[in-house]
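query.tsv follows (TSV, C-alpha atoms):
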```tsv
chain	number	residue	atom	x	y	z
A	1	MET	CA	-21.35	240.22	67.34
A	2	ILE	CA	-19.98	241.04	63.96
A	3	PHE	CA	-18.05	237.82	63.65
A	4	LYS	CA	-20.81	235.48	64.72
A	5	LEU	CA	-21.92	233.31	61.88
A	6	ARG	CA	-25.58	233.70	61.31
A	7	ALA	CA	-25.79	230.58	59.23
A	8	ALA	CA	-26.66	228.49	62.26
A	9	PHE	CA	-30.37	228.61	61.48
A	10	ILE	CA	-29.98	226.04	58.79
A	11	GLY	CA	-27.21	224.15	60.47
A	12	VAL	CA	-24.57	224.67	57.84
A	13	ASN	CA	-21.93	226.06	60.10
A	14	LYS	CA	-21.39	222.75	61.78
A	15	GLY	CA	-17.70	222.33	62.16
A	16	ILE	CA	-16.88	225.92	61.31
A	17	PRO	CA	-14.98	227.26	64.25
A	18	LYS	CA	-16.04	230.61	65.61
A	19	LEU	CA	-13.66	233.42	65.00
A	20	LYS	CA	-11.68	234.12	68.10
A	21	HIS	CA	-10.01	237.47	67.87
A	22	ARG	CA	-7.76	237.17	70.79
A	23	ARG	CA	-4.67	239.20	71.16
A	24	ASN	CA	-1.57	237.20	71.34
A	25	ASP	CA	-0.76	236.58	74.96
A	26	LYS	CA	2.89	236.06	74.49
A	27	LYS	CA	5.01	235.39	77.49
A	28	GLN	CA	4.99	238.69	79.25
A	29	ARG	CA	7.92	239.61	81.34
A	30	SER	CA	7.37	241.99	84.19
A	31	GLU	CA	7.35	245.33	82.40
A	32	PRO	CA	10.63	246.95	83.31
A	33	SER	CA	10.33	250.36	84.81
A	34	TRP	CA	12.23	251.98	81.97
A	35	ASN	CA	10.81	255.16	80.52
A	36	ALA	CA	11.98	258.02	78.33
A	37	GLU	CA	13.34	259.94	81.26
A	38	LYS	CA	15.25	257.02	82.70
A	39	ILE	CA	16.89	256.02	79.45
A	40	SER	CA	17.60	259.52	78.14
A	41	ASP	CA	21.10	259.47	79.57
A	42	LEU	CA	21.70	255.75	79.20
A	43	LYS	CA	24.86	256.21	77.18
A	44	HIS	CA	26.56	257.91	80.08
A	45	GLN	CA	25.15	255.79	82.87
A	46	GLU	CA	27.07	253.39	85.07
A	47	PRO	CA	27.78	250.05	83.35
A	48	ALA	CA	25.60	248.35	85.94
A	49	VAL	CA	22.61	250.45	84.85
A	50	GLN	CA	23.30	249.74	81.19
A	51	GLU	CA	23.55	246.05	81.95
A	52	GLN	CA	20.26	246.11	83.82
A	53	PHE	CA	18.60	247.76	80.82
A	54	VAL	CA	19.91	245.11	78.43
A	55	ARG	CA	18.91	242.30	80.77
A	56	ASP	CA	15.43	243.74	81.40
A	57	THR	CA	14.62	244.28	77.74
A	58	GLY	CA	16.78	241.68	76.02
A	59	GLN	CA	14.29	238.83	76.10
A	60	ILE	CA	11.59	240.66	74.17
A	61	VAL	CA	14.11	241.80	71.56
A	62	TYR	CA	15.52	238.31	71.27
A	63	ALA	CA	12.07	236.73	70.94
A	64	THR	CA	11.12	239.25	68.25
A	65	LEU	CA	14.23	238.54	66.23
A	66	ARG	CA	13.76	234.78	66.58
A	67	ARG	CA	10.33	235.11	64.99
A	68	TYR	CA	11.58	237.02	61.96
A	69	LEU	CA	14.93	235.39	61.36
A	70	PRO	CA	15.25	231.63	61.00
A	71	CYS	CA	19.04	231.75	61.19
A	72	GLU	CA	20.45	232.01	64.71
A	73	GLU	CA	23.54	233.80	63.45
A	74	ASP	CA	21.36	236.54	61.96
A	75	VAL	CA	19.45	236.76	65.24
A	76	ARG	CA	22.67	237.32	67.15
A	77	ASP	CA	23.88	239.95	64.69
A	78	CYS	CA	20.61	241.83	64.83
A	79	PHE	CA	20.38	241.56	68.61
A	80	GLN	CA	23.68	243.40	68.94
A	81	GLU	CA	22.75	245.88	66.25
A	82	THR	CA	19.41	246.61	67.91
A	83	PHE	CA	21.00	247.59	71.20
A	84	PHE	CA	23.81	249.40	69.46
A	85	ASN	CA	21.27	251.51	67.54
A	86	ALA	CA	19.12	251.96	70.63
A	87	PHE	CA	22.01	253.35	72.65
A	88	ARG	CA	23.09	255.56	69.76
A	89	ASN	CA	19.63	257.04	69.22
A	90	VAL	CA	18.36	256.97	72.76
A	91	SER	CA	18.22	260.76	72.96
A	92	GLU	CA	15.69	260.77	70.10
A	93	PHE	CA	13.25	258.60	72.01
A	94	ARG	CA	10.48	260.90	73.24
A	95	GLY	CA	8.42	258.41	75.15
A	96	ASP	CA	5.49	258.36	72.71
A	97	SER	CA	5.40	254.59	73.16
A	98	ALA	CA	6.67	252.09	75.72
A	99	VAL	CA	10.41	251.55	75.71
A	100	THR	CA	9.89	247.91	74.75
A	101	THR	CA	7.70	248.92	71.79
A	102	TRP	CA	10.44	251.25	70.63
A	103	LEU	CA	13.06	248.52	70.98
A	104	VAL	CA	10.90	245.95	69.18
A	105	SER	CA	10.46	248.42	66.34
A	106	ILE	CA	14.24	248.82	66.05
A	107	ALA	CA	14.68	245.05	66.17
A	108	ARG	CA	12.02	244.49	63.51
A	109	ASN	CA	13.59	247.05	61.17
A	110	CYS	CA	16.97	245.45	61.70
A	111	ALA	CA	15.54	242.01	60.90
A	112	LEU	CA	13.79	243.29	57.77
A	113	SER	CA	16.97	245.00	56.66
A	114	LYS	CA	18.84	241.73	57.14
A	115	LEU	CA	16.24	239.84	55.10
A	116	ARG	CA	16.30	242.45	52.32
A	117	GLY	CA	20.06	242.22	52.19
A	118	ARG	CA	20.02	238.55	51.35
A	119	LYS	CA	20.97	237.63	47.85
A	120	ASN	CA	18.39	236.02	45.62
A	121	THR	CA	15.54	237.04	47.86
A	122	PRO	CA	12.46	237.56	45.70
A	123	THR	CA	10.55	240.74	46.43
A	124	GLU	CA	7.32	239.12	45.28
A	125	VAL	CA	6.26	235.66	44.28
A	126	ALA	CA	5.41	235.80	40.63
A	127	GLU	CA	3.58	232.53	40.20
A	128	ASP	CA	1.55	231.53	43.19
A	129	GLN	CA	1.47	227.79	43.41
A	130	ASN	CA	-1.17	227.91	46.09
A	131	SER	CA	-3.62	230.03	44.18
A	132	LEU	CA	-7.08	228.53	44.27
A	133	LYS	CA	-8.51	226.60	41.37
A	134	TYR	CA	-12.00	227.02	39.97
A	135	ASP	CA	-14.02	224.83	37.65
A	136	GLU	CA	-15.60	225.97	34.40
A	137	PHE	CA	-18.71	227.15	36.23
A	138	GLY	CA	-16.77	229.28	38.67
A	139	PHE	CA	-17.01	226.93	41.65
A	140	LEU	CA	-14.03	226.60	43.91
A	141	ILE	CA	-12.25	223.27	43.63
A	142	PHE	CA	-10.88	222.37	47.01
A	143	PRO	CA	-9.50	219.05	48.20
A	144	THR	CA	-12.26	217.76	50.45
A	145	ASP	CA	-10.09	215.10	51.99
A	146	LEU	CA	-7.87	217.73	53.60
A	147	LEU	CA	-10.13	219.25	56.17
A	148	ALA	CA	-9.19	221.75	58.80
A	149	PRO	CA	-7.41	220.24	61.71
A	150	ASP	CA	-8.64	221.18	65.15
A	151	ALA	CA	-6.16	223.94	65.87
A	152	GLU	CA	-6.43	223.86	69.66
A	153	ALA	CA	-6.21	220.08	69.92
A	154	LEU	CA	-3.22	219.98	67.63
A	155	LEU	CA	-1.42	222.65	69.60
A	156	GLU	CA	-1.55	220.62	72.80
A	157	SER	CA	1.26	218.49	71.47
A	158	ARG	CA	4.75	219.92	71.72
A	159	GLU	CA	5.72	218.02	68.60
A	160	ASN	CA	2.89	219.66	66.66
A	161	GLN	CA	3.92	223.09	67.93
A	162	ARG	CA	7.37	222.38	66.62
A	163	LEU	CA	5.95	221.38	63.25
A	164	ILE	CA	3.92	224.59	63.03
A	165	HIS	CA	7.00	226.65	63.89
A	166	GLU	CA	8.89	224.77	61.26
A	167	ALA	CA	6.16	225.41	58.69
A	168	ILE	CA	6.24	229.14	59.44
A	169	SER	CA	10.05	229.18	59.36
A	170	ASN	CA	10.01	227.45	56.00
A	171	LEU	CA	7.84	230.09	54.39
A	172	SER	CA	9.59	232.41	51.99
A	173	ASP	CA	10.90	235.55	53.69
A	174	ILE	CA	8.22	237.84	52.32
A	175	TYR	CA	5.41	235.54	53.41
A	176	ARG	CA	6.86	234.71	56.82
A	177	THR	CA	7.41	238.39	57.54
A	178	VAL	CA	3.87	239.46	56.77
A	179	ILE	CA	2.34	236.56	58.74
A	180	ILE	CA	4.45	237.37	61.78
A	181	MET	CA	3.64	241.06	61.56
A	182	LYS	CA	-0.11	240.58	61.23
A	183	ASP	CA	-1.09	237.30	62.82
A	184	ILE	CA	1.54	237.03	65.51
A	185	ASP	CA	2.67	240.56	66.36
A	186	GLY	CA	-0.83	241.93	65.75
A	187	MET	CA	0.25	244.93	63.67
A	188	ARG	CA	-2.39	246.81	61.68
A	189	LEU	CA	-2.36	246.42	57.89
A	190	ALA	CA	-1.55	250.11	57.41
A	191	GLU	CA	1.45	249.80	59.74
A	192	ILE	CA	2.68	246.76	57.85
A	193	ALA	CA	2.29	248.51	54.52
A	194	GLU	CA	4.28	251.46	55.80
A	195	THR	CA	7.00	249.28	57.32
A	196	LEU	CA	7.36	247.18	54.18
A	197	ASP	CA	7.00	250.23	51.94
A	198	ILE	CA	4.27	248.66	49.82
A	199	SER	CA	0.67	249.66	49.18
A	200	LEU	CA	-2.18	248.60	51.44
A	201	SER	CA	-3.73	246.45	48.73
A	202	ALA	CA	-0.39	244.76	48.03
A	203	THR	CA	-0.09	244.07	51.74
A	204	LYS	CA	-3.52	242.44	51.79
A	205	VAL	CA	-2.72	240.28	48.78
A	206	ARG	CA	0.60	239.25	50.22
A	207	LEU	CA	-0.95	238.34	53.57
A	208	HIS	CA	-3.67	236.29	51.92
A	209	ARG	CA	-1.18	234.40	49.78
A	210	ALA	CA	1.06	233.85	52.77
A	211	ARG	CA	-1.79	232.29	54.72
A	212	LEU	CA	-2.67	230.07	51.76
A	213	GLU	CA	0.91	228.91	51.51
A	214	LEU	CA	1.09	228.24	55.23
A	215	ARG	CA	-2.21	226.37	55.06
A	216	SER	CA	-0.84	224.24	52.27
A	217	LYS	CA	2.21	223.38	54.37
A	218	LEU	CA	0.15	222.66	57.48
A	219	MET	CA	-2.28	220.47	55.57
A	220	HIS	CA	0.61	218.52	54.18
A	221	ILE	CA	2.05	218.10	57.66
A	222	PHE	CA	-1.16	217.18	59.42
A	223	GLU	CA	-2.72	215.13	56.67
A	224	GLY	CA	-3.67	211.83	58.20
A	225	LYS	CA	-3.06	213.07	61.73
A	226	THR	CA	-6.64	214.15	62.26
A	227	ASN	CA	-9.97	212.56	61.65
A	228	VAL	CA	-11.94	215.83	61.44
B	1	MET	CA	-35.26	238.59	55.11
B	2	TYR	CA	-31.87	237.93	53.53
B	3	ASP	CA	-31.43	234.90	55.77
B	4	LEU	CA	-34.74	233.47	54.54
B	5	TYR	CA	-33.70	234.13	50.94
B	6	ILE	CA	-30.41	232.26	51.42
B	7	SER	CA	-32.15	229.52	53.35
B	8	GLY	CA	-34.61	229.07	50.50
B	9	LEU	CA	-31.84	228.92	47.92
B	10	ALA	CA	-29.94	226.41	50.02
B	11	LYS	CA	-32.98	224.14	50.20
B	12	LEU	CA	-33.56	224.53	46.49
B	13	ARG	CA	-29.97	223.79	45.68
B	14	GLY	CA	-29.52	220.96	48.17
B	15	SER	CA	-26.35	220.20	50.03
B	16	GLY	CA	-23.18	219.35	48.21
B	17	ARG	CA	-22.23	219.90	44.62
B	18	PRO	CA	-24.86	219.21	41.93
B	19	LYS	CA	-24.01	216.21	39.79
B	20	SER	CA	-25.49	217.22	36.47
B	21	ARG	CA	-23.66	219.78	34.35
B	22	LEU	CA	-26.89	221.65	33.76
B	23	LYS	CA	-27.44	222.14	37.47
B	24	GLN	CA	-23.81	223.10	37.94
B	25	LYS	CA	-24.12	225.71	35.23
B	26	PHE	CA	-27.32	227.01	36.77
B	27	GLY	CA	-25.64	227.17	40.17
B	28	GLY	CA	-22.66	229.05	38.72
B	29	ASN	CA	-24.90	231.56	36.98
B	30	LEU	CA	-26.99	231.95	40.09
B	31	LEU	CA	-24.00	232.90	42.20
B	32	GLN	CA	-22.71	235.22	39.49
B	33	TYR	CA	-25.91	237.04	38.68
B	34	GLY	CA	-28.23	236.36	41.63
B	35	PRO	CA	-29.02	239.42	43.73
B	36	GLY	CA	-27.10	239.54	46.99
B	37	LEU	CA	-24.89	236.63	45.95
B	38	ILE	CA	-21.20	236.36	45.19
B	39	THR	CA	-19.07	233.89	43.28
B	40	CYS	CA	-16.39	231.67	44.81
B	41	ARG	CA	-13.69	234.00	43.47
B	42	GLN	CA	-15.33	236.98	45.10
B	43	PHE	CA	-15.73	234.97	48.30
B	44	ASP	CA	-11.99	234.28	48.35
B	45	GLY	CA	-11.40	238.00	48.00
B	46	PHE	CA	-13.32	238.54	51.23
B	47	VAL	CA	-11.82	235.76	53.33
B	48	ALA	CA	-8.82	237.69	54.63
B	49	ASP	CA	-10.93	240.76	55.35
B	50	TYR	CA	-13.41	238.58	57.24
B	51	VAL	CA	-10.72	237.03	59.40
B	52	ASP	CA	-9.19	240.46	60.03
B	53	GLY	CA	-12.57	241.98	60.82
B	54	ASN	CA	-12.61	244.44	57.94
B	55	LEU	CA	-15.97	243.65	56.35
B	56	THR	CA	-18.96	245.97	56.45
B	57	ASP	CA	-22.25	244.58	57.73
B	58	ARG	CA	-23.56	244.15	54.20
B	59	GLN	CA	-20.37	242.43	53.00
B	60	LEU	CA	-20.54	240.20	56.06
B	61	ARG	CA	-24.06	239.04	55.27
B	62	VAL	CA	-23.21	238.32	51.66
B	63	PHE	CA	-20.03	236.51	52.69
B	64	GLU	CA	-21.87	234.31	55.14
B	65	GLY	CA	-24.66	233.77	52.63
B	66	HIS	CA	-22.17	232.35	50.16
B	67	MET	CA	-20.76	230.07	52.82
B	68	VAL	CA	-24.24	228.66	53.37
B	69	LEU	CA	-24.58	227.90	49.68
B	70	CYS	CA	-21.11	226.61	48.86
B	71	PRO	CA	-19.66	223.58	50.66
B	72	MET	CA	-16.20	223.99	49.09
B	73	CYS	CA	-15.94	227.57	50.30
B	74	ARG	CA	-16.99	226.46	53.77
B	75	ILE	CA	-14.02	224.10	53.84
B	76	HIS	CA	-11.80	226.79	52.35
B	77	PHE	CA	-12.83	229.20	55.08
B	78	ARG	CA	-12.55	226.67	57.88
B	79	THR	CA	-9.04	225.64	56.95
B	80	TYR	CA	-8.00	229.25	56.37
B	81	LEU	CA	-9.26	230.20	59.82
B	82	ALA	CA	-7.56	227.19	61.41
B	83	THR	CA	-4.28	228.27	59.79
B	84	PHE	CA	-4.69	231.78	61.17
B	85	GLU	CA	-5.42	230.49	64.67
B	86	MET	CA	-2.62	227.97	64.64
B	87	SER	CA	-0.02	230.53	63.69
B	88	GLN	CA	-1.35	232.86	66.38
B	89	GLN	CA	-1.33	230.24	69.09
B	90	ALA	CA	1.95	228.66	68.10
B	91	PHE	CA	3.68	231.74	69.49
B	92	GLY	CA	1.29	232.24	72.41
B	93	SER	CA	1.87	231.80	76.12
B	94	SER	CA	1.54	228.02	76.00
B	95	SER	CA	4.16	227.71	73.35
B	96	SER	CA	7.39	226.05	74.38
B	97	PHE	CA	9.14	227.78	71.54
B	98	VAL	CA	9.12	231.31	72.84
B	99	PRO	CA	12.64	231.71	74.18
B	100	ASP	CA	12.78	232.20	77.93
B	101	SER	CA	16.09	233.92	78.08
B	102	VAL	CA	18.83	235.42	76.02
B	103	PRO	CA	22.06	233.41	75.75
B	104	GLU	CA	24.44	234.84	78.32
B	105	ASP	CA	27.34	235.14	75.89
B	106	LEU	CA	25.14	237.27	73.63
B	107	THR	CA	24.21	239.63	76.47
B	108	LEU	CA	27.87	239.95	77.43
B	109	ALA	CA	28.86	240.62	73.82
B	110	VAL	CA	26.31	243.43	73.63
B	111	LEU	CA	27.53	244.95	76.90
B	112	ASP	CA	31.13	244.81	75.68
B	113	ALA	CA	30.20	246.50	72.40
B	114	ILE	CA	28.29	249.23	74.21
B	115	GLY	CA	31.16	249.74	76.63
B	116	GLU	CA	33.57	250.22	73.75
B	117	ALA	CA	31.28	252.50	71.76
B	118	HIS	CA	30.27	254.66	74.70
B	119	PRO	CA	33.19	254.69	77.14
B	120	ARG	CA	32.61	256.55	80.39
B	121	HIS	CA	35.01	259.31	81.18
```
Write the structure described by the file as structure tokens, please.
Amino acid sequence: MIFKLRAAFIGVNKGIPKLKHRRNDKKQRSEPSWNAEKISDLKHQEPAVQEQFVRDTGQIVYATLRRYLPCEEDVRDCFQETFFNAFRNVSEFRGDSAVTTWLVSIARNCALSKLRGRKNTPTEVAEDQNSLKYDEFGFLIFPTDLLAPDAEALLESRENQRLIHEAISNLSDIYRTVIIMKDIDGMRLAEIAETLDISLSATKVRLHRARLELRSKLMHIFEGKTNV
Amino acid sequence: MYDLYISGLAKLRGSGRPKSRLKQKFGGNLLQYGPGLITCRQFDGFVADYVDGNLTDRQLRVFEGHMVLCPMCRIHFRTYLATFEMSQQAFGSSSSFVPDSVPEDLTLAVLDAIGEAHPRH
């Protein structure tokens, strides 16, 4: 396997967790039976049918918006806007993807638009406080007393889950967005670059910096909570 | 063959950071100029690609070789990976923070807005 560390032969990978590339198994609702054909005339359907559509698909839209937008008021605004836009443009949906994927895409664009519209939102972090430090010989200087917490053990506690959510929510908008897109929503780097309208290399740099900033926050939070 | 090479260097270098400046300088030069080796800066440039599975086989070997030789980068990698996994799992199926339902008043507000925008005739 490509991700398997081959360093085991000299025992140096002790404590290095194996890379688990699992897809996010978010709470899956029963996939509603909505398809391009069924929603093509949604605008002119009975109110009961429209209501069923909103109720069947609302949770995934709401959950998506909650990930991107820390402010509940913004979530509510975008939730309404997402369905408003979906109903308006429903005739353009050709069924190339699942209806929920299409709706999530609308919701994500709405959330990004909301974030971009904020005043004083930096488009890039000029000085990265979490950039790594190196000594005069080129060796990485890293605080050895802040080792990696055991992710799985930490996540068993509801309080710790809350702290991780809080750490992600407290990231700057540009960092939170790219972490959610890549690490949580599982988007490809090229998709993210296109959505954010930045180059692929800029996307990679931003993602890396975002993870470093999140790590810094998590280490601060969990410092002293683990004996790893 | 590469594994033996790295293993030999690791034994030569010993575990941990050398204490004398001369050995530190030698170690730095070794990583910079040694064949099939990378510096800590270059290692950091590969970390995200490693986690995202974007390294070629050759890059992968060199990346892992550096991790064998550099204890600081091992910690850097381990904590980076833990961060990645924690953010993934925090929103996974076991998370209590994935909302179960949409507030009813919000659903009703959406239905009202749709009804007004697209009245049935």
Kindly determine which residues of chain B lie within 8 Å of chain A, considering only C-alpha atoms, and give the answer as a ChimeraX atom specification. /B:3,7,24-25,27-29,39-41,48,50-51,53,57,60,64-65,68,72-76,78-93,95-102,106-107,109-111,113-115,118-120
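Put simply, CA of Ala86 in chain A is 10.1 Å away from CA of Val99 in chain A.
Between CA of Glu194 in chain A and CA of Cys71 in chain A the interatomic distance comes to 25.2 Å.
CA of Asp49 in chain B is found 29.0 Å from CA of Cys110 in chain A.
In terms of minimum interatomic distance to Phe26 in chain B, B:Arg13 ranks closest within B:Gly45, B:Tyr2, B:Arg13, B:Ile38, counting all atoms listed in the file.
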Do a neighbour search on Leu69 in chain A at 10 Å with all atoms listed in the file, toss out local chain neighbours closer than 4 positions, and write the hits as a count of residues only. 16
Non-local contacts of Ser40 in chain A (8 Å; only C-alpha atoms; under 6 positions in same chain excluded) as an mmCIF file with C-alpha atoms, in the frame of the given file:
```
data_model
loop_
_atom_site.group_PDB
_atom_site.id
_atom_site.type_symbol
_atom_site.label_atom_id
_atom_site.label_comp_id
_atom_site.auth_asym_id
_atom_site.auth_seq_id
_atom_site.Cartn_x
_atom_site.Cartn_y
_atom_site.Cartn_z
ATOM 1 C CA VAL A 90 18.360 256.970 72.760
ATOM 2 C CA SER A 91 18.220 260.760 72.960
ATOM 3 C CA PHE A 93 13.250 258.600 72.010
#
```
